[in-house]
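This is my_file_28.cif (mmCIF, C-alpha atoms).
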```
data_target
#
loop_
_atom_site.label_atom_id
_atom_site.label_comp_id
_atom_site.auth_asym_id
_atom_site.auth_seq_id
_atom_site.Cartn_x
_atom_site.Cartn_y
_atom_site.Cartn_z
CA MET T 1 -117.35 -31.56 -183.69
CA ILE T 2 -118.55 -33.73 -180.80
CA PRO T 3 -122.38 -33.76 -180.73
CA ASP T 4 -124.05 -32.41 -177.63
CA GLN T 5 -125.00 -35.16 -175.23
CA GLN T 6 -128.36 -35.05 -173.53
CA ILE T 7 -128.33 -35.82 -169.82
CA ASP T 8 -131.17 -38.00 -168.56
CA THR T 9 -132.49 -36.30 -165.43
CA GLN T 10 -135.47 -38.61 -164.93
CA PRO T 11 -133.79 -40.95 -162.39
CA GLU T 12 -132.64 -37.96 -160.34
CA GLN T 13 -136.13 -36.42 -160.38
CA ALA T 14 -137.69 -39.74 -159.41
CA SER T 15 -135.29 -40.01 -156.48
CA LEU T 16 -136.20 -36.49 -155.33
CA ASN T 17 -139.90 -37.33 -155.54
CA VAL T 18 -139.37 -40.40 -153.38
CA GLN T 19 -137.44 -38.38 -150.81
CA ARG T 20 -140.15 -35.73 -150.69
CA GLU T 21 -142.85 -38.35 -150.21
CA GLN T 22 -140.85 -40.00 -147.46
CA ALA T 23 -140.45 -36.64 -145.73
CA ARG T 24 -144.21 -35.95 -146.00
CA SER T 25 -144.95 -39.39 -144.62
CA MET T 26 -142.64 -38.83 -141.65
CA GLN T 27 -144.25 -35.44 -140.95
CA ARG T 28 -147.72 -36.99 -141.16
CA GLU T 29 -146.84 -39.79 -138.73
CA GLN T 30 -145.25 -37.30 -136.34
CA ALA T 31 -148.43 -35.21 -136.43
CA ARG T 32 -150.51 -38.33 -135.75
CA PHE T 33 -148.22 -39.24 -132.83
CA ASN T 34 -148.52 -35.72 -131.41
CA MET T 35 -152.31 -35.85 -131.73
CA ILE T 36 -152.48 -39.07 -129.74
CA GLU T 37 -149.96 -38.08 -127.09
CA GLN T 38 -150.86 -34.42 -126.60
CA GLN T 39 -154.61 -34.32 -127.26
CA ILE T 40 -156.04 -37.76 -126.70
CA ARG T 41 -154.05 -39.32 -123.88
CA THR T 42 -154.32 -36.09 -121.90
CA TRP T 43 -158.13 -36.28 -122.26
CA GLU T 44 -158.24 -39.55 -120.32
CA VAL T 45 -158.29 -41.84 -123.34
CA LEU T 46 -155.90 -44.58 -122.28
CA ASP T 47 -157.48 -47.73 -123.71
CA ALA T 48 -154.74 -49.45 -125.75
CA THR T 49 -157.24 -50.78 -128.30
CA VAL T 50 -158.56 -47.28 -129.00
CA LEU T 51 -155.09 -45.74 -129.21
CA ASP T 52 -153.92 -48.44 -131.64
CA LEU T 53 -157.04 -47.91 -133.74
CA LEU T 54 -156.25 -44.21 -134.09
CA LYS T 55 -152.86 -45.16 -135.51
CA GLN T 56 -154.36 -47.63 -137.98
CA VAL T 57 -157.33 -45.69 -139.41
CA PRO T 58 -155.94 -42.71 -141.38
CA ARG T 59 -157.95 -39.69 -140.25
CA GLU T 60 -156.39 -37.54 -142.97
CA ASP T 61 -158.17 -39.59 -145.66
CA PHE T 62 -161.58 -38.58 -144.29
CA VAL T 63 -160.84 -34.85 -144.10
CA PRO T 64 -161.80 -32.60 -147.06
CA ALA T 65 -158.76 -31.97 -149.27
CA GLN T 66 -158.69 -28.23 -148.54
CA TYR T 67 -158.31 -28.98 -144.82
CA SER T 68 -155.85 -31.87 -145.07
CA GLY T 69 -153.24 -29.87 -143.17
CA LEU T 70 -155.62 -29.71 -140.19
CA ALA T 71 -156.40 -33.44 -140.04
CA PHE T 72 -154.73 -33.88 -136.65
CA ALA T 73 -155.59 -30.48 -135.16
CA ASP T 74 -157.69 -30.13 -132.02
CA LEU T 75 -160.71 -28.59 -133.73
CA GLU T 76 -163.93 -29.38 -135.57
CA ILE T 77 -163.22 -29.40 -139.32
CA PRO T 78 -165.92 -28.24 -141.80
CA ILE T 79 -167.05 -31.04 -144.14
CA GLY T 80 -169.73 -29.19 -146.13
CA GLN T 81 -173.50 -28.85 -145.85
CA GLY T 82 -172.97 -26.79 -142.71
CA GLU T 83 -171.61 -29.85 -140.86
CA THR T 84 -168.27 -30.52 -139.14
CA MET T 85 -166.16 -33.44 -138.00
CA LEU T 86 -165.90 -33.90 -134.26
CA SER T 87 -162.48 -33.15 -132.80
CA PRO T 88 -160.06 -36.11 -132.59
CA LYS T 89 -160.22 -36.26 -128.79
CA MET T 90 -164.04 -36.32 -128.82
CA GLU T 91 -164.10 -39.18 -131.34
CA ALA T 92 -161.59 -41.12 -129.26
CA ARG T 93 -163.49 -40.50 -126.03
CA ILE T 94 -166.73 -41.71 -127.61
CA VAL T 95 -165.18 -44.95 -128.84
CA GLN T 96 -163.58 -45.64 -125.47
CA ALA T 97 -166.82 -44.95 -123.56
CA LEU T 98 -168.89 -47.30 -125.72
CA ASP T 99 -166.60 -50.28 -125.08
CA ILE T 100 -167.49 -51.82 -128.43
CA ARG T 101 -167.35 -55.62 -128.79
CA LYS T 102 -166.86 -57.76 -131.87
CA THR T 103 -170.45 -58.99 -131.65
CA ASP T 104 -172.03 -55.53 -131.39
CA LYS T 105 -174.55 -54.13 -133.83
CA VAL T 106 -174.15 -50.34 -133.88
CA LEU T 107 -176.48 -47.51 -134.90
CA GLU T 108 -174.67 -44.26 -135.71
CA ILE T 109 -176.88 -41.19 -136.03
CA GLY T 110 -175.01 -38.73 -138.25
CA THR T 111 -172.46 -40.30 -140.62
CA GLY T 112 -170.67 -37.02 -141.31
CA SER T 113 -167.23 -37.59 -142.80
CA GLY T 114 -167.35 -41.35 -142.18
CA TYR T 115 -164.27 -41.33 -139.94
CA LEU T 116 -166.07 -42.19 -136.71
CA THR T 117 -168.03 -44.74 -138.73
CA ALA T 118 -164.71 -46.33 -139.72
CA LEU T 119 -163.53 -46.45 -136.10
CA LEU T 120 -166.79 -48.05 -134.96
CA ALA T 121 -166.79 -50.57 -137.81
CA SER T 122 -163.22 -51.60 -137.03
CA LEU T 123 -164.39 -52.85 -133.63
CA ALA T 124 -168.02 -53.93 -134.15
CA LYS T 125 -169.77 -56.66 -136.09
CA HIS T 126 -171.82 -54.18 -138.11
CA VAL T 127 -172.58 -50.45 -138.20
CA HIS T 128 -175.78 -48.95 -139.57
CA SER T 129 -175.10 -45.25 -140.11
CA ILE T 130 -177.84 -42.72 -140.91
CA GLU T 131 -177.09 -39.35 -142.52
CA VAL T 132 -179.64 -36.69 -143.45
CA SER T 133 -177.41 -35.22 -146.19
CA PRO T 134 -177.24 -37.34 -149.38
CA SER T 135 -173.95 -35.78 -150.50
CA LEU T 136 -172.20 -36.43 -147.18
CA SER T 137 -173.47 -40.01 -147.14
CA ALA T 138 -172.19 -40.60 -150.68
CA ALA T 139 -168.77 -39.12 -149.88
CA ALA T 140 -168.48 -41.25 -146.75
CA ALA T 141 -169.40 -44.36 -148.76
CA GLU T 142 -166.52 -43.72 -151.17
CA LYS T 143 -164.01 -43.24 -148.36
CA LEU T 144 -165.12 -46.33 -146.45
CA SER T 145 -164.99 -48.44 -149.60
CA ALA T 146 -161.51 -47.11 -150.42
CA HIS T 147 -160.35 -48.45 -147.05
CA ASN T 148 -162.06 -51.83 -147.51
CA ILE T 149 -164.50 -51.21 -144.68
CA HIS T 150 -167.55 -53.18 -145.75
CA ASN T 151 -169.38 -54.07 -142.52
CA VAL T 152 -171.29 -50.78 -142.76
CA SER T 153 -174.75 -49.96 -144.10
CA LEU T 154 -175.27 -46.30 -145.01
CA THR T 155 -178.77 -44.86 -145.20
CA VAL T 156 -179.95 -41.37 -146.09
CA GLY T 157 -182.63 -40.29 -143.66
CA ASP T 158 -183.55 -38.45 -140.48
CA ALA T 159 -182.70 -40.49 -137.37
CA SER T 160 -182.62 -37.53 -134.98
CA ASN T 161 -184.72 -39.47 -132.48
CA GLY T 162 -183.71 -42.99 -133.40
CA TRP T 163 -184.35 -45.36 -136.29
CA PRO T 164 -187.35 -47.57 -135.53
CA GLY T 165 -187.50 -51.21 -136.51
CA GLU T 166 -184.46 -52.81 -134.90
CA THR T 167 -182.59 -53.01 -131.63
CA TYR T 168 -178.90 -52.22 -131.29
CA ASP T 169 -176.12 -53.03 -128.86
CA VAL T 170 -174.67 -49.54 -129.32
CA ILE T 171 -176.21 -46.23 -130.39
CA VAL T 172 -174.15 -43.08 -130.87
CA PHE T 173 -175.36 -39.57 -131.67
CA THR T 174 -172.67 -37.53 -133.42
CA GLY T 175 -174.42 -34.19 -132.82
CA SER T 176 -175.96 -32.70 -129.71
CA VAL T 177 -179.66 -32.81 -128.84
CA LEU T 178 -181.71 -30.58 -126.55
CA VAL T 179 -183.65 -33.35 -124.83
CA ALA T 180 -182.88 -36.98 -124.03
CA PRO T 181 -183.80 -39.19 -127.04
CA LEU T 182 -186.16 -41.54 -125.22
CA LEU T 183 -187.33 -43.36 -128.35
CA ALA T 184 -183.73 -44.17 -129.22
CA GLU T 185 -183.14 -45.49 -125.70
CA LYS T 186 -185.89 -48.06 -126.25
CA GLN T 187 -183.98 -49.37 -129.27
CA LEU T 188 -181.10 -50.49 -127.06
CA ALA T 189 -180.78 -54.23 -126.59
CA GLU T 190 -180.28 -55.56 -123.08
CA ASP T 191 -176.82 -54.47 -121.90
CA GLY T 192 -176.85 -51.89 -124.72
CA ARG T 193 -174.96 -48.58 -124.48
CA MET T 194 -175.77 -45.19 -125.93
CA PHE T 195 -173.66 -42.03 -126.17
CA VAL T 196 -175.39 -38.69 -126.63
CA VAL T 197 -174.55 -35.05 -125.90
CA ILE T 198 -177.54 -33.29 -124.32
CA GLY T 199 -178.13 -29.60 -123.67
CA GLU T 200 -177.66 -26.11 -125.05
CA ALA T 201 -174.51 -24.06 -125.63
CA PRO T 202 -172.27 -23.11 -123.99
CA VAL T 203 -172.46 -26.11 -121.64
CA MET T 204 -173.73 -29.55 -122.66
CA GLN T 205 -173.42 -32.95 -121.01
CA ALA T 206 -171.87 -35.96 -122.71
CA THR T 207 -174.14 -38.70 -121.41
CA MET T 208 -174.02 -42.50 -121.36
CA VAL T 209 -177.19 -44.56 -121.20
CA HIS T 210 -176.91 -48.24 -120.25
CA ARG T 211 -179.93 -50.51 -120.64
CA LEU T 212 -179.68 -53.00 -117.80
CA GLU T 213 -182.83 -55.05 -118.48
CA ASN T 214 -186.34 -54.45 -119.75
CA ASP T 215 -187.12 -50.80 -118.92
CA HIS T 216 -184.33 -50.31 -116.41
CA PHE T 217 -181.78 -47.77 -117.59
CA LYS T 218 -178.68 -46.31 -115.97
CA ARG T 219 -177.83 -42.77 -117.09
CA TYR T 220 -174.70 -40.87 -116.12
CA VAL T 221 -172.72 -37.85 -117.28
CA LEU T 222 -169.19 -38.47 -118.57
CA PHE T 223 -168.08 -34.85 -118.96
CA GLU T 224 -169.23 -31.39 -119.98
CA THR T 225 -168.64 -30.25 -123.54
CA CYS T 226 -170.15 -28.27 -126.41
CA VAL T 227 -170.63 -29.73 -129.90
CA PRO T 228 -172.72 -28.70 -132.91
CA ALA T 229 -176.39 -29.68 -132.83
CA LEU T 230 -177.80 -32.64 -134.69
CA ARG T 231 -179.95 -31.44 -137.55
CA ASN T 232 -183.70 -31.77 -136.87
CA ALA T 233 -183.15 -32.75 -133.24
CA ALA T 234 -186.29 -32.73 -131.09
CA GLN T 235 -187.11 -29.49 -129.30
CA PRO T 236 -188.12 -29.32 -125.63
CA GLU T 237 -191.69 -28.46 -124.77
CA ARG T 238 -192.11 -24.79 -123.95
CA PHE T 239 -194.60 -23.49 -121.44
CA HIS T 240 -196.74 -20.61 -122.62
CA PHE T 241 -198.59 -18.33 -120.21
#
```
Rewrite the structure of this file - the entire thing - as structure tokens.
Amino acid sequence: MIPDQQIDTQPEQASLNVQREQARSMQREQARFNMIEQQIRTWEVLDATVLDLLKQVPREDFVPAQYSGLAFADLEIPIGQGETMLSPKMEARIVQALDIRKTDKVLEIGTGSGYLTALLASLAKHVHSIEVSPSLSAAAAEKLSAHNIHNVSLTVGDASNGWPGETYDVIVFTGSVLVAPLLAEKQLAEDGRMFVVIGEAPVMQATMVHRLENDHFKRYVLFETCVPALRNAAQPERFHF
């Protein structure tokens, strides 16, 4: 009798695994392309540097695993602790508006997932990012380190009205506030820029503040929007009769 011969299926399985991974990669890049072309360009984000950055920094790696299929969707993705990621078009619009330079020192108020932190750090000299949630800050630290982004300092704390002690070329609030953060404005260096969303739902104003010199500021509204509130943000004074 001729003994049964065993067929080695490992090479065939390995080839199938490679093909599947290639297919997933192609689908992922197509989704990224669609995000940029259909969401971001159409929202007046046309700066080539920003668009290239969105191709280079993998947003899907900063999204919680259970929501990985929504990484490129036009929505705010939950990241835990009652917080969410900003939508892709909002993140892109923020980066474009701030016109970040290689010499800029940036203060980010609300680290969140760490994705916007990564975008900022890719353009700036250094980013100091403050997050009130220890677990979110720790998760962001792991993701940033995994992508070799090291020009970032992460601090756990409440910076809802600024982070006294230093001046910054750029300040960005990643959640909305009810009143203009005047203390944070004073932390802007000369020619510094700040992005903040001010107001109450359903209509808020995405606002830029530009420190011209000394105590001369230029403030203007970029667009109307509605984003989740920054935790512990200052409340407006109420009149009582």
Enter the distance from atom CA of Leu230 of chain T to atom CA of Leu116 of chain T, in Å, rounded to one decimal.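 For atom CA of Leu230 of chain T relative to atom CA of Leu116 of chain T, the distance reads 15.3 Å.
Closest to Phe195 of chain T among T:Thr155, T:Gln96, T:Thr49, T:Gln56 is T:Gln96, based on all atoms listed in the file.
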Report the residues retrieved by the PyMOL selection byres ((chain T and resi 184-190) around 12) from the displayed file, expressed as a PyMOL selection string. chain T and resi 104-109+159-173+179-183+191-196+208-219+234
Which residues, named as in the file, does the PyMOL selection byres ((chain T and resi 143) around 10) pick out? Answer as a ChimeraX atom specification. /T:61-63,113-115,118,138-142,144-149
I'd like the contact shell of Pro88 of chain T - 12 Å cut-off, only C-alpha atoms, skipping same-chain residues fewer than 6 positions apart - returned as a ChimeraX atom specification. /T:32,34-41,43,45,50-51,54-55,58-60,63,70-77,94-95,115-116,119
Which residue out of T:Pro134, T:Gly80, T:Gly199, T:Gly110 has the minimum interatomic distance to Asn232 of chain T when only C-alpha atoms are used? T:Gly110
Could you check how far atom CA of Tyr67 of chain T sits from atom CA of Val197 of chain T, in Å to one decimal?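 Straight-line distance from atom CA of Tyr67 of chain T to atom CA of Val197 of chain T works out to 25.7 Å.
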Calculate, to one decimal in Å, the centre and edge lengths of the box along x, y and z of the file that holds all listed atoms of segment 21-33 of chain T with 4 Å of margin on each side, and present them as AutoDock Vina command-line options.
```
--center_x -145.5 --center_y -37.6 --center_z -141.5 --size_x 18.1 --size_y 12.8 --size_z 25.4
```
Provide segment 177-192 of chain T rebuilt to N, CA and C atoms, formatted as a PDB file, in the coordinates of the input.
```pdb
ATOM      1  N   VAL T 177    -178.202 -32.919-128.846  1.00  0.00           N
ATOM      2  CA  VAL T 177    -179.660 -32.810-128.840  1.00  0.00           C
ATOM      3  C   VAL T 177    -180.070 -32.006-127.611  1.00  0.00           C
ATOM      4  N   LEU T 178    -181.255 -31.410-127.669  1.00  0.00           N
ATOM      5  CA  LEU T 178    -181.710 -30.580-126.550  1.00  0.00           C
ATOM      6  C   LEU T 178    -182.351 -31.396-125.440  1.00  0.00           C
ATOM      7  N   VAL T 179    -182.977 -32.504-125.818  1.00  0.00           N
ATOM      8  CA  VAL T 179    -183.650 -33.350-124.830  1.00  0.00           C
ATOM      9  C   VAL T 179    -183.206 -34.800-125.022  1.00  0.00           C
ATOM     10  N   ALA T 180    -183.285 -35.577-123.965  1.00  0.00           N
ATOM     11  CA  ALA T 180    -182.880 -36.980-124.030  1.00  0.00           C
ATOM     12  C   ALA T 180    -183.712 -37.723-125.085  1.00  0.00           C
ATOM     13  N   PRO T 181    -183.083 -38.475-125.967  1.00  0.00           N
ATOM     14  CA  PRO T 181    -183.800 -39.190-127.040  1.00  0.00           C
ATOM     15  C   PRO T 181    -184.402 -40.495-126.505  1.00  0.00           C
ATOM     16  N   LEU T 182    -185.557 -40.401-125.898  1.00  0.00           N
ATOM     17  CA  LEU T 182    -186.160 -41.540-125.220  1.00  0.00           C
ATOM     18  C   LEU T 182    -186.552 -42.664-126.174  1.00  0.00           C
ATOM     19  N   LEU T 183    -186.992 -42.309-127.378  1.00  0.00           N
ATOM     20  CA  LEU T 183    -187.330 -43.360-128.350  1.00  0.00           C
ATOM     21  C   LEU T 183    -186.106 -44.163-128.736  1.00  0.00           C
ATOM     22  N   ALA T 184    -184.974 -43.477-128.887  1.00  0.00           N
ATOM     23  CA  ALA T 184    -183.730 -44.170-129.220  1.00  0.00           C
ATOM     24  C   ALA T 184    -183.297 -45.096-128.083  1.00  0.00           C
ATOM     25  N   GLU T 185    -183.495 -44.655-126.851  1.00  0.00           N
ATOM     26  CA  GLU T 185    -183.140 -45.490-125.700  1.00  0.00           C
ATOM     27  C   GLU T 185    -183.844 -46.841-125.773  1.00  0.00           C
ATOM     28  N   LYS T 186    -185.110 -46.823-126.206  1.00  0.00           N
ATOM     29  CA  LYS T 186    -185.890 -48.060-126.250  1.00  0.00           C
ATOM     30  C   LYS T 186    -185.404 -49.015-127.344  1.00  0.00           C
ATOM     31  N   GLN T 187    -184.547 -48.514-128.227  1.00  0.00           N
ATOM     32  CA  GLN T 187    -183.980 -49.370-129.270  1.00  0.00           C
ATOM     33  C   GLN T 187    -182.736 -50.113-128.799  1.00  0.00           C
ATOM     34  N   LEU T 188    -182.270 -49.793-127.596  1.00  0.00           N
ATOM     35  CA  LEU T 188    -181.100 -50.490-127.060  1.00  0.00           C
ATOM     36  C   LEU T 188    -181.472 -51.911-126.672  1.00  0.00           C
ATOM     37  N   ALA T 189    -180.615 -52.847-127.049  1.00  0.00           N
ATOM     38  CA  ALA T 189    -180.780 -54.230-126.590  1.00  0.00           C
ATOM     39  C   ALA T 189    -180.388 -54.298-125.116  1.00  0.00           C
ATOM     40  N   GLU T 190    -180.704 -55.389-124.467  1.00  0.00           N
ATOM     41  CA  GLU T 190    -180.280 -55.560-123.080  1.00  0.00           C
ATOM     42  C   GLU T 190    -178.761 -55.489-123.009  1.00  0.00           C
ATOM     43  N   ASP T 191    -178.252 -54.749-122.052  1.00  0.00           N
ATOM     44  CA  ASP T 191    -176.820 -54.470-121.900  1.00  0.00           C
ATOM     45  C   ASP T 191    -176.311 -53.517-122.986  1.00  0.00           C
ATOM     46  N   GLY T 192    -177.239 -52.847-123.689  1.00  0.00           N
ATOM     47  CA  GLY T 192    -176.850 -51.890-124.720  1.00  0.00           C
ATOM     48  C   GLY T 192    -176.369 -50.582-124.137  1.00  0.00           C
TER      49      GLY T 192
END
```
